[in-house]
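Some notes on the structure that comes next.
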Amino acid sequence: MKQRIFEILTGLAAMKSFTGTAAERAPAQWFADFFRAMPYFQEHPEDTGLFEIPNDPCGRGIPWALLRGKRKDTVVLSGHFDVVPAEEYGAAEEYAFQPGTGKLEELLRDFPLSDGQRRDLESGEWLWGRGAADMLGGLAVHAALFEAYAKQAETESLEGSILFVPVPDEESYSAGMRGAAEILRALRHRYGLDYKLLIDPEPTREVDGAQVFSLGSVGKVMPAILVQTKKAHAGRCYEGFSALSVLADIYLRTNGSLEFSDVYGGEATVPPTWAHLRDRKHGYDVSIPHRAGGYFTALSFSATPEEIGQKLRRICTEAFNAQVQKLDGEYQEFKKRSRTERREHIHYEPCVMSFHELCALLRERDRDGFAAFYAEACARAAAAVDRGEASYPDATLDLMEETLDYSGIQYPITLIGFAPPYYPPVHSDHVRGKEGRGTQALRFVAALSEREYGRPVVSENYFMGISDLSYGAVTAPFDYGKLAENMPLWGEAYRIDFAAIEENAVPSVIYGPIGKEYHTFAERVNRHSLFHVIPAVTRALIEYMWTV
Ligand SMILES: [Zn+2]
């Protein structure tokens with residue numbers, strides 16, 4: 001088993017399957033061939049395939065394979081095969097893709113290492129390299145286990161069923177796992193499978209010597225805000241109103257605000273962090289920017305996009321009013337100094353709309369005209385994303401602005417929309433009809449790991465790093481239509497099949513080898529965990545899950 005895990009890991013690492021690129025096709029093809037070459041699938045060719053992701057700009061696919069055992073009780077194995085780029089290795093970059101040769105470790109000795117890193121390097125207990133931890137290591141464990149189970153399935157001695165779905169794009173937009181929902185649904189329909197548990201072998205961390213097992217995964221929503229105020233020459237600033245002041249005020253009221261922090265079982269989501277905030281000018285001129293836009297990440301355990309949108313609506317109105325008041329206050333002081341000023345007061349009415357409300361207004365005005373405009377504008381925004389010229393959130397702001405242009409609205413307005421990607425919060429204990437499944441898996445793993453390997457396991461309710469688990473089941477249901485209508489790019493460019501996810505209802509957990517500092521040059525995975533503990537415990541967990 002150890003040898004096989006190592007071979008698969010090094011083979012995958014050499015493919016340099018950078019996230020969001022066509023390089024992700026190589027491991028997908030490798031897995032598809034790996035499955036097809038197995039005698040079991042020569043007998044059952046209909047139970048494996050390479051699912052093409054619809055409209056994928058990189059032409060990526062999702063390999064999948066199903067071993068049908070004596071029972072329909074099915075454990076789903078998954079994991080992502082994309083990796084993040086590796087420039088930070090500098091001159092050692094090439095060796096980051098050759099884990100286990102020792103070459104990288106040799107070069108790392110001359111890196112500015114922390115004491116902990118140097119200790120781990122000297123100990124020889126860790127395997128270093130890009131993807132070793134995140135997460136080709138865990139994926140290789142699942143591949144090796146699957147291979148062993150395929151041999152059992154050949155002789156029809158497999159007790160339960162196993163579906164293996166390795167996915168691309170986890171580090172970017174999760175196109176892989178969103179697409180996998182369709183595979184899971186189709187197979188459930190075809191064979192009446194009962195999905196017991198999905199195990200995602202993402203790297204796990206150690207806390208005081210105990211390994212962390214994640215029962216769920218945090219939700220993420222990305223609100224995009226576009227502010228329009230009033231343009232003026234900088235020399236006549238009181239005739240205008242800067243969009244930057246309003247957006248900056250919204251930023252100050254949201255960034256880091258605990259009002260957006262959800263709490264569950266002693267865990268809390270970190271408050272919002274803005275990723276982008278600027279005016280919408282294309283170059284410099286001497287006018288006050290009358291438009292500004294930005295977007296931020298809001299994490300949640302339970303808050304729905306609608307609830308977050310409602311909070312924002314209130315905050316945007318408060319920020320707008322506060323800035324009008326501030327401007328007027330300044331103007332009153334200025335008037336005392338300048339005898340040419342004549343206005344009594346500066347006043348603007350607040351107007352905050354959701355993106356959907358603006359669209360509804362425009363549809364009312366001219367249904368066909370708006371439909372034609374929007375189809376064209378949306379296709380253009382989506383094409384810019386496909387060509388890599390714009391990110392999803394940037395294309396979202398562009399599309400919101402184009403719609404505002406189309407509306408011809410000149411008065412101050414604040415628009416609130418949502419940008420992809422969206423990750424629903426999920427918890428394996430709260431899947432309808434399978435309540436408590438995650439904790440059941442955790443108890444089994446904790447007992448075995450401690451007894452056999454002296455490695456205690458502790459749990460966390462939510463993995464805070466955002467993960468593919470989000471697309472296994474819906475455990476905090478909400479009005480999906482309301483999200484879709486406020487996400488300008490929803491449709492061809494980005495979609496989540498909530499109906500399929502709800503139907504699949506797979507309780508999902510994260511349990512993979514212990515890793516450290518992934519996404520940096522110090523990425524490493526613990527050899528003992530990777531080669532011994534995780535394969536043995538995962539195997540036992542699969543077989544236990546067939547019986548619950
Ligand atoms: Zn990962």
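By order of appearance in the structure tokens: chains A, B, ..., then residues from 1 within every chain, and ligands from 1 in the order shown.
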How would you write, as a ChimeraX atom specification, the set of residues no farther than 10 Å from ligand 1 when counting only C-alpha atoms and all ligand atoms?
/A:79-84,131,133-136,138,169-171,200-204,465-468,518-519
Excluding Pro54 in chain A and residues on its chain fewer than 3 positions from it, collect all residues at most 10 Å away from it, counting only C-alpha atoms, and give them as a count of residues only.
9
Contact residues around Ala37 in chain A with only C-alpha atoms at 12 Å, ignoring same-chain residues under 4 positions, as a ChimeraX atom specification
/A:30-33,41-45,48-49,65,147,150-151
So that I can see what lies close to range 405-418 of chain A, please list as a compact mmCIF listing (two decimals) with C-alpha atoms, in the first residue's frame the residues with an atom at most 8 Å from it, counting only C-alpha atoms and leaving out residues fewer than 3 positions away in the same chain.
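Produced file around.txt, reproduced below:
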```txt
# COMPACT_ATOMS: atom_id res chain seq x y z
CA VAL A 221 -20.84 34.42 -0.12
CA MET A 222 -19.30 37.33 -2.01
CA PRO A 223 -21.44 40.47 -2.05
CA ALA A 224 -20.56 42.96 -4.82
CA ILE A 225 -21.53 46.60 -4.27
CA LEU A 226 -21.73 49.34 -6.87
CA VAL A 227 -22.26 52.93 -5.74
CA GLN A 228 -23.33 55.79 -7.99
CA THR A 229 -23.39 59.33 -6.62
CA LYS A 230 -22.92 62.63 -8.47
CA GLY A 309 -28.18 41.04 1.68
CA LEU A 312 -26.10 45.13 3.78
CA ARG A 313 -29.09 47.03 2.55
CA CYS A 316 -25.62 50.86 2.73
CA TYR A 348 -29.40 63.50 -1.53
CA GLU A 349 -32.06 60.85 -1.10
CA PRO A 350 -30.72 57.37 -0.38
CA CYS A 351 -31.67 54.67 -2.86
CA VAL A 352 -30.44 51.13 -2.23
CA MET A 353 -31.54 48.35 -4.53
CA SER A 354 -30.74 44.72 -4.98
CA PHE A 355 -29.54 43.84 -8.47
CA HIS A 356 -32.77 41.94 -8.98
CA LEU A 362 -36.02 47.63 -16.35
CA THR A 396 -19.94 40.80 -11.88
CA MET A 400 -23.82 45.53 -12.77
CA GLU A 401 -22.36 48.76 -14.15
CA GLU A 402 -23.44 48.00 -17.71
CA LEU A 483 -29.50 33.98 -4.81
CA ASN A 486 -29.13 38.59 -7.50
CA MET A 487 -26.06 36.95 -9.01
CA PRO A 488 -25.65 38.70 -12.37
```
Closest to Ser157 in chain A among A:Arg68, A:Arg118, A:His142, A:Arg337, using only C-alpha atoms?
A:Arg68
Residues at most 12 Å from range 94-102 of chain A, counting only C-alpha atoms, excluding those fewer than 4 positions away in the same chain, as a ChimeraX atom specification?
/A:3,5-18,83-90,106-109,121-122,124-133,136-137,519-525,527
Residues near range 212-215 of chain A, cut-off 9 Å, only C-alpha atoms, skip fewer than 2 positions along chain, as a PyMOL selection string:
chain A and resi 204-207+210+217+426-429+438-439+442+445-446+456-463+507-512+514
Kindly indicate which residue among A:Gln152, A:Lys72, A:Gly216, A:Ala92 lies nearest to Gly436 in chain A, using only C-alpha atoms for the distances.
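So, comparing all the options, the nearest one is A:Gly216.
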Calculate how many Å separate CA of Thr273 in chain A from CA of Arg314 in chain A, rounding to one decimal.
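Interatomic distance here is 18.4 Å.
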For the strand (DSSP E or B) assignment from backbone DSSP, which residues of range 102-332 of chain A qualify? Please present them as a ChimeraX atom specification.
/A:126-128,161-167,194-200,204,206-207,210-214,216-217,219-228,230,233,241,263-264,267-268,273-279,287,291-300
As a short mmCIF file (atom, residue, chain, number, x, y, z; two decimals) with N, CA, C and O atoms, in the first residue's frame, please: every residue in range 85-299 of chain A that DSSP puts in helix (DSSP H, G or I).
```
data_model
loop_
_atom_site.label_atom_id
_atom_site.label_comp_id
_atom_site.auth_asym_id
_atom_site.auth_seq_id
_atom_site.Cartn_x
_atom_site.Cartn_y
_atom_site.Cartn_z
N GLU A 87 5.66 29.44 -7.70
CA GLU A 87 6.77 30.39 -7.92
C GLU A 87 7.60 30.62 -6.66
O GLU A 87 8.79 30.90 -6.75
N GLU A 88 6.92 30.51 -5.50
CA GLU A 88 7.63 30.86 -4.27
C GLU A 88 8.82 29.93 -3.97
O GLU A 88 9.64 30.23 -3.12
N TYR A 89 8.93 28.81 -4.72
CA TYR A 89 10.09 27.93 -4.52
C TYR A 89 11.34 28.49 -5.20
O TYR A 89 12.44 28.01 -4.98
N GLY A 90 11.16 29.52 -6.05
CA GLY A 90 12.31 30.13 -6.72
C GLY A 90 13.08 29.13 -7.54
O GLY A 90 12.49 28.37 -8.33
N ALA A 91 14.38 29.09 -7.35
CA ALA A 91 15.25 28.21 -8.14
C ALA A 91 14.91 26.73 -7.91
O ALA A 91 15.26 25.87 -8.72
N ALA A 92 14.24 26.43 -6.80
CA ALA A 92 13.93 25.03 -6.48
C ALA A 92 12.59 24.59 -7.08
O ALA A 92 12.15 23.46 -6.86
N GLU A 93 11.96 25.47 -7.85
CA GLU A 93 10.58 25.21 -8.31
C GLU A 93 10.42 23.85 -8.98
O GLU A 93 9.49 23.10 -8.67
N GLU A 94 11.32 23.53 -9.89
CA GLU A 94 11.20 22.27 -10.63
C GLU A 94 11.12 21.07 -9.68
O GLU A 94 10.37 20.13 -9.92
N TYR A 95 11.88 21.14 -8.59
CA TYR A 95 11.94 20.00 -7.67
C TYR A 95 10.72 19.90 -6.76
O TYR A 95 10.50 18.88 -6.11
N ALA A 96 9.93 20.99 -6.73
CA ALA A 96 8.71 20.95 -5.92
C ALA A 96 7.73 19.93 -6.50
O ALA A 96 6.80 19.49 -5.83
N PHE A 97 7.95 19.56 -7.77
CA PHE A 97 7.06 18.60 -8.43
C PHE A 97 7.65 17.19 -8.45
O PHE A 97 7.15 16.32 -9.15
N LYS A 103 15.74 15.88 -3.51
CA LYS A 103 16.38 17.06 -4.12
C LYS A 103 15.83 18.37 -3.54
O LYS A 103 16.58 19.28 -3.22
N LEU A 104 14.49 18.42 -3.41
CA LEU A 104 13.88 19.64 -2.87
C LEU A 104 14.35 19.87 -1.44
O LEU A 104 14.73 20.98 -1.07
N GLU A 105 14.34 18.80 -0.65
CA GLU A 105 14.76 18.92 0.75
C GLU A 105 16.18 19.48 0.85
O GLU A 105 16.49 20.32 1.70
N GLU A 106 17.03 19.03 -0.08
CA GLU A 106 18.42 19.48 -0.10
C GLU A 106 18.48 21.00 -0.32
O GLU A 106 19.19 21.71 0.38
N LEU A 107 17.70 21.47 -1.30
CA LEU A 107 17.71 22.90 -1.61
C LEU A 107 17.03 23.74 -0.53
O LEU A 107 17.42 24.86 -0.26
N LEU A 108 16.01 23.13 0.10
CA LEU A 108 15.28 23.86 1.15
C LEU A 108 16.19 24.19 2.34
O LEU A 108 15.95 25.14 3.08
N ASP A 115 12.27 27.66 12.94
CA ASP A 115 12.79 26.53 13.73
C ASP A 115 11.97 25.27 13.50
O ASP A 115 12.52 24.18 13.35
N GLY A 116 10.64 25.45 13.44
CA GLY A 116 9.76 24.30 13.25
C GLY A 116 9.98 23.65 11.89
O GLY A 116 10.02 22.42 11.77
N GLN A 117 10.15 24.47 10.87
CA GLN A 117 10.38 23.94 9.53
C GLN A 117 11.71 23.17 9.48
O GLN A 117 11.78 22.08 8.94
N ARG A 118 12.74 23.77 10.08
CA ARG A 118 14.06 23.12 10.05
C ARG A 118 14.02 21.79 10.81
O ARG A 118 14.57 20.78 10.36
N ARG A 119 13.30 21.80 11.92
CA ARG A 119 13.19 20.57 12.72
C ARG A 119 12.52 19.48 11.88
O ARG A 119 12.98 18.35 11.81
N ASP A 120 11.43 19.85 11.22
CA ASP A 120 10.71 18.88 10.39
C ASP A 120 11.57 18.40 9.22
O ASP A 120 11.53 17.23 8.83
N LEU A 121 12.37 19.31 8.67
CA LEU A 121 13.23 18.95 7.54
C LEU A 121 14.30 17.95 7.99
O LEU A 121 14.55 16.94 7.33
N GLU A 122 14.92 18.24 9.14
CA GLU A 122 15.98 17.35 9.65
C GLU A 122 15.42 15.99 10.06
O GLU A 122 16.09 14.98 9.94
N SER A 123 14.17 15.97 10.54
CA SER A 123 13.61 14.72 11.07
C SER A 123 13.39 13.66 10.00
O SER A 123 13.38 12.47 10.28
N ALA A 132 1.93 17.82 -2.21
CA ALA A 132 2.18 16.64 -1.37
C ALA A 132 1.10 16.57 -0.29
O ALA A 132 0.54 15.50 -0.01
N ALA A 133 0.78 17.74 0.30
CA ALA A 133 -0.27 17.78 1.32
C ALA A 133 -1.60 18.14 0.68
O ALA A 133 -2.61 17.46 0.90
N ASP A 134 -1.61 19.23 -0.09
CA ASP A 134 -2.87 19.77 -0.62
C ASP A 134 -3.00 19.50 -2.11
O ASP A 134 -2.66 20.34 -2.92
N MET A 135 -3.61 18.42 -2.53
CA MET A 135 -3.95 17.30 -1.69
C MET A 135 -3.76 16.01 -2.46
O MET A 135 -4.54 15.08 -2.39
N LEU A 136 -2.60 16.01 -3.21
CA LEU A 136 -2.34 14.80 -4.00
C LEU A 136 -2.04 13.61 -3.08
O LEU A 136 -2.29 12.46 -3.45
N GLY A 137 -1.52 13.91 -1.86
CA GLY A 137 -1.24 12.83 -0.92
C GLY A 137 -2.51 12.07 -0.55
O GLY A 137 -2.61 10.86 -0.71
N GLY A 138 -3.50 12.81 -0.07
CA GLY A 138 -4.77 12.19 0.32
C GLY A 138 -5.45 11.52 -0.86
O GLY A 138 -6.04 10.43 -0.74
N LEU A 139 -5.34 12.15 -2.01
CA LEU A 139 -5.97 11.61 -3.21
C LEU A 139 -5.31 10.27 -3.58
O LEU A 139 -5.98 9.31 -3.98
N ALA A 140 -3.99 10.21 -3.42
CA ALA A 140 -3.25 8.98 -3.73
C ALA A 140 -3.67 7.86 -2.77
O ALA A 140 -3.76 6.69 -3.17
N VAL A 141 -3.95 8.22 -1.52
CA VAL A 141 -4.42 7.20 -0.55
C VAL A 141 -5.74 6.63 -1.05
O VAL A 141 -5.93 5.40 -1.11
N HIS A 142 -6.66 7.50 -1.45
CA HIS A 142 -7.96 7.03 -1.91
C HIS A 142 -7.82 6.19 -3.20
O HIS A 142 -8.51 5.19 -3.38
N ALA A 143 -6.92 6.62 -4.07
CA ALA A 143 -6.72 5.88 -5.33
C ALA A 143 -6.18 4.47 -5.04
O ALA A 143 -6.63 3.48 -5.63
N ALA A 144 -5.22 4.39 -4.12
CA ALA A 144 -4.64 3.09 -3.80
C ALA A 144 -5.67 2.18 -3.13
O ALA A 144 -5.74 0.98 -3.41
N LEU A 145 -6.49 2.76 -2.24
CA LEU A 145 -7.54 1.98 -1.58
C LEU A 145 -8.55 1.49 -2.63
O LEU A 145 -8.98 0.33 -2.62
N PHE A 146 -8.90 2.38 -3.52
CA PHE A 146 -9.89 2.04 -4.54
C PHE A 146 -9.39 0.88 -5.41
O PHE A 146 -10.15 -0.04 -5.73
N GLU A 147 -8.12 0.95 -5.73
CA GLU A 147 -7.52 -0.10 -6.55
C GLU A 147 -7.61 -1.46 -5.85
O GLU A 147 -7.95 -2.48 -6.46
N ALA A 148 -7.34 -1.43 -4.55
CA ALA A 148 -7.41 -2.67 -3.78
C ALA A 148 -8.86 -3.19 -3.73
O ALA A 148 -9.10 -4.40 -3.89
N TYR A 149 -9.80 -2.28 -3.54
CA TYR A 149 -11.22 -2.70 -3.49
C TYR A 149 -11.70 -3.20 -4.86
O TYR A 149 -12.56 -4.08 -4.92
N ALA A 150 -11.12 -2.65 -5.93
CA ALA A 150 -11.53 -3.09 -7.28
C ALA A 150 -11.17 -4.57 -7.47
O ALA A 150 -11.88 -5.32 -8.15
N LYS A 151 -10.07 -4.97 -6.87
CA LYS A 151 -9.66 -6.39 -6.97
C LYS A 151 -10.67 -7.27 -6.25
O LYS A 151 -11.04 -8.34 -6.73
N GLN A 152 -11.11 -6.78 -5.09
CA GLN A 152 -12.13 -7.54 -4.34
C GLN A 152 -13.43 -7.61 -5.13
O GLN A 152 -14.10 -8.64 -5.16
N ALA A 153 -13.76 -6.49 -5.77
CA ALA A 153 -15.02 -6.44 -6.52
C ALA A 153 -15.02 -7.42 -7.68
O ALA A 153 -16.07 -7.95 -8.05
N GLU A 154 -13.82 -7.69 -8.22
CA GLU A 154 -13.72 -8.65 -9.34
C GLU A 154 -14.28 -10.00 -8.96
O GLU A 154 -14.89 -10.69 -9.77
N ALA A 175 -15.59 24.03 -9.99
CA ALA A 175 -16.36 23.54 -11.13
C ALA A 175 -16.44 22.01 -11.08
O ALA A 175 -17.42 21.40 -11.50
N GLY A 176 -15.39 21.37 -10.53
CA GLY A 176 -15.35 19.92 -10.45
C GLY A 176 -16.42 19.36 -9.53
O GLY A 176 -17.24 18.53 -9.92
N MET A 177 -16.47 19.85 -8.30
CA MET A 177 -17.42 19.29 -7.35
C MET A 177 -18.85 19.69 -7.71
O MET A 177 -19.78 18.93 -7.48
N ARG A 178 -19.02 20.90 -8.27
CA ARG A 178 -20.38 21.29 -8.69
C ARG A 178 -20.85 20.36 -9.80
O ARG A 178 -22.02 19.97 -9.85
N GLY A 179 -19.92 19.98 -10.68
CA GLY A 179 -20.26 19.05 -11.77
C GLY A 179 -20.49 17.64 -11.24
O GLY A 179 -21.35 16.90 -11.73
N ALA A 180 -19.74 17.27 -10.20
CA ALA A 180 -19.84 15.91 -9.66
C ALA A 180 -21.24 15.65 -9.10
O ALA A 180 -21.69 14.50 -9.06
N ALA A 181 -21.94 16.70 -8.67
CA ALA A 181 -23.29 16.52 -8.12
C ALA A 181 -24.17 15.82 -9.16
O ALA A 181 -25.02 14.98 -8.81
N GLU A 182 -23.92 16.13 -10.41
CA GLU A 182 -24.72 15.53 -11.48
C GLU A 182 -24.40 14.03 -11.63
O GLU A 182 -25.29 13.21 -11.85
N ILE A 183 -23.12 13.70 -11.49
CA ILE A 183 -22.70 12.29 -11.58
C ILE A 183 -23.35 11.49 -10.45
O ILE A 183 -23.91 10.41 -10.67
N LEU A 184 -23.28 12.05 -9.24
CA LEU A 184 -23.85 11.35 -8.08
C LEU A 184 -25.35 11.12 -8.25
O LEU A 184 -25.87 10.05 -7.93
N ARG A 185 -26.02 12.14 -8.78
CA ARG A 185 -27.46 11.99 -8.95
C ARG A 185 -27.78 10.92 -9.99
O ARG A 185 -28.65 10.06 -9.77
N ALA A 186 -27.07 10.97 -11.11
CA ALA A 186 -27.35 10.01 -12.19
C ALA A 186 -27.13 8.58 -11.70
O ALA A 186 -27.94 7.68 -11.97
N LEU A 187 -26.05 8.36 -10.94
CA LEU A 187 -25.75 6.99 -10.49
C LEU A 187 -26.75 6.52 -9.43
O LEU A 187 -27.11 5.35 -9.37
N ARG A 188 -27.20 7.46 -8.63
CA ARG A 188 -28.20 7.12 -7.63
C ARG A 188 -29.49 6.67 -8.31
O ARG A 188 -30.11 5.71 -7.93
N HIS A 189 -29.83 7.41 -9.36
CA HIS A 189 -31.04 7.06 -10.10
C HIS A 189 -30.89 5.72 -10.80
O HIS A 189 -31.79 4.90 -10.80
N ARG A 190 -29.71 5.49 -11.38
CA ARG A 190 -29.51 4.27 -12.15
C ARG A 190 -29.50 3.03 -11.26
O ARG A 190 -30.06 1.99 -11.61
N TYR A 191 -28.85 3.14 -10.07
CA TYR A 191 -28.67 1.95 -9.26
C TYR A 191 -29.34 1.99 -7.89
O TYR A 191 -29.23 1.04 -7.12
N ALA A 234 -13.54 68.76 -9.71
CA ALA A 234 -12.97 68.80 -8.36
C ALA A 234 -12.97 70.22 -7.79
O ALA A 234 -13.05 70.41 -6.58
N GLY A 235 -12.89 71.21 -8.67
CA GLY A 235 -12.91 72.60 -8.23
C GLY A 235 -14.29 73.07 -7.78
O GLY A 235 -14.44 74.14 -7.20
N ARG A 236 -15.31 72.30 -8.11
CA ARG A 236 -16.69 72.61 -7.70
C ARG A 236 -17.23 71.43 -6.90
O ARG A 236 -18.33 70.94 -7.17
N CYS A 237 -16.44 70.97 -5.95
CA CYS A 237 -16.75 69.68 -5.32
C CYS A 237 -18.11 69.67 -4.60
O CYS A 237 -18.73 68.62 -4.49
N TYR A 238 -18.58 70.79 -4.14
CA TYR A 238 -19.88 70.77 -3.43
C TYR A 238 -21.06 70.60 -4.38
O TYR A 238 -22.19 70.39 -3.94
N GLU A 239 -20.77 70.67 -5.68
CA GLU A 239 -21.84 70.38 -6.65
C GLU A 239 -21.93 68.88 -6.91
O GLU A 239 -22.82 68.41 -7.61
N ALA A 243 -18.45 59.02 -4.85
CA ALA A 243 -18.87 57.63 -4.59
C ALA A 243 -17.88 56.94 -3.67
O ALA A 243 -18.23 55.98 -2.97
N LEU A 244 -16.65 57.46 -3.66
CA LEU A 244 -15.64 56.84 -2.80
C LEU A 244 -16.00 57.00 -1.32
O LEU A 244 -15.77 56.09 -0.53
N SER A 245 -16.57 58.16 -0.95
CA SER A 245 -16.90 58.32 0.47
C SER A 245 -17.97 57.33 0.89
O SER A 245 -17.90 56.77 1.97
N VAL A 246 -18.96 57.12 0.02
CA VAL A 246 -20.03 56.18 0.39
C VAL A 246 -19.47 54.75 0.47
O VAL A 246 -19.69 54.04 1.46
N LEU A 247 -18.71 54.36 -0.55
CA LEU A 247 -18.20 52.99 -0.53
C LEU A 247 -17.21 52.77 0.62
O LEU A 247 -17.22 51.73 1.28
N ALA A 248 -16.38 53.80 0.87
CA ALA A 248 -15.43 53.68 1.98
C ALA A 248 -16.17 53.54 3.31
O ALA A 248 -15.76 52.78 4.19
N ASP A 249 -17.29 54.25 3.44
CA ASP A 249 -18.08 54.15 4.66
C ASP A 249 -18.70 52.75 4.78
O ASP A 249 -18.71 52.14 5.87
N ILE A 250 -19.17 52.23 3.66
CA ILE A 250 -19.72 50.85 3.69
C ILE A 250 -18.62 49.87 4.09
O ILE A 250 -18.81 48.96 4.90
N TYR A 251 -17.43 50.09 3.54
CA TYR A 251 -16.27 49.25 3.89
C TYR A 251 -16.02 49.27 5.40
O TYR A 251 -15.89 48.23 6.03
N LEU A 252 -16.00 50.49 5.96
CA LEU A 252 -15.69 50.60 7.39
C LEU A 252 -16.75 49.94 8.27
O LEU A 252 -16.46 49.46 9.36
N ARG A 253 -17.97 49.92 7.78
CA ARG A 253 -19.05 49.33 8.57
C ARG A 253 -19.16 47.82 8.40
O ARG A 253 -19.87 47.15 9.15
N THR A 254 -18.48 47.26 7.40
CA THR A 254 -18.61 45.82 7.15
C THR A 254 -17.31 45.06 7.38
O THR A 254 -17.31 44.00 8.00
N LEU A 258 -18.26 42.22 13.44
CA LEU A 258 -18.72 40.97 14.06
C LEU A 258 -20.23 40.76 13.89
O LEU A 258 -20.75 39.70 14.21
N GLU A 259 -20.90 41.78 13.38
CA GLU A 259 -22.32 41.64 13.08
C GLU A 259 -22.53 40.51 12.06
O GLU A 259 -23.60 39.93 11.96
N PHE A 260 -21.48 40.21 11.29
CA PHE A 260 -21.58 39.18 10.26
C PHE A 260 -20.97 37.85 10.71
O PHE A 260 -20.78 36.96 9.90
#
```
Between A:Ala232, A:Pro421, A:Val286, A:Gln440, which one has atoms that come closest to Ser391 in chain A, using only C-alpha atoms?
A:Pro421
Let me make sure I understand: among A:Ile346, A:Met38, A:Ala303, A:Leu397, which one has the smallest atom-to-atom distance to Arg291 in chain A if we use only C-alpha atoms?
A:Leu397
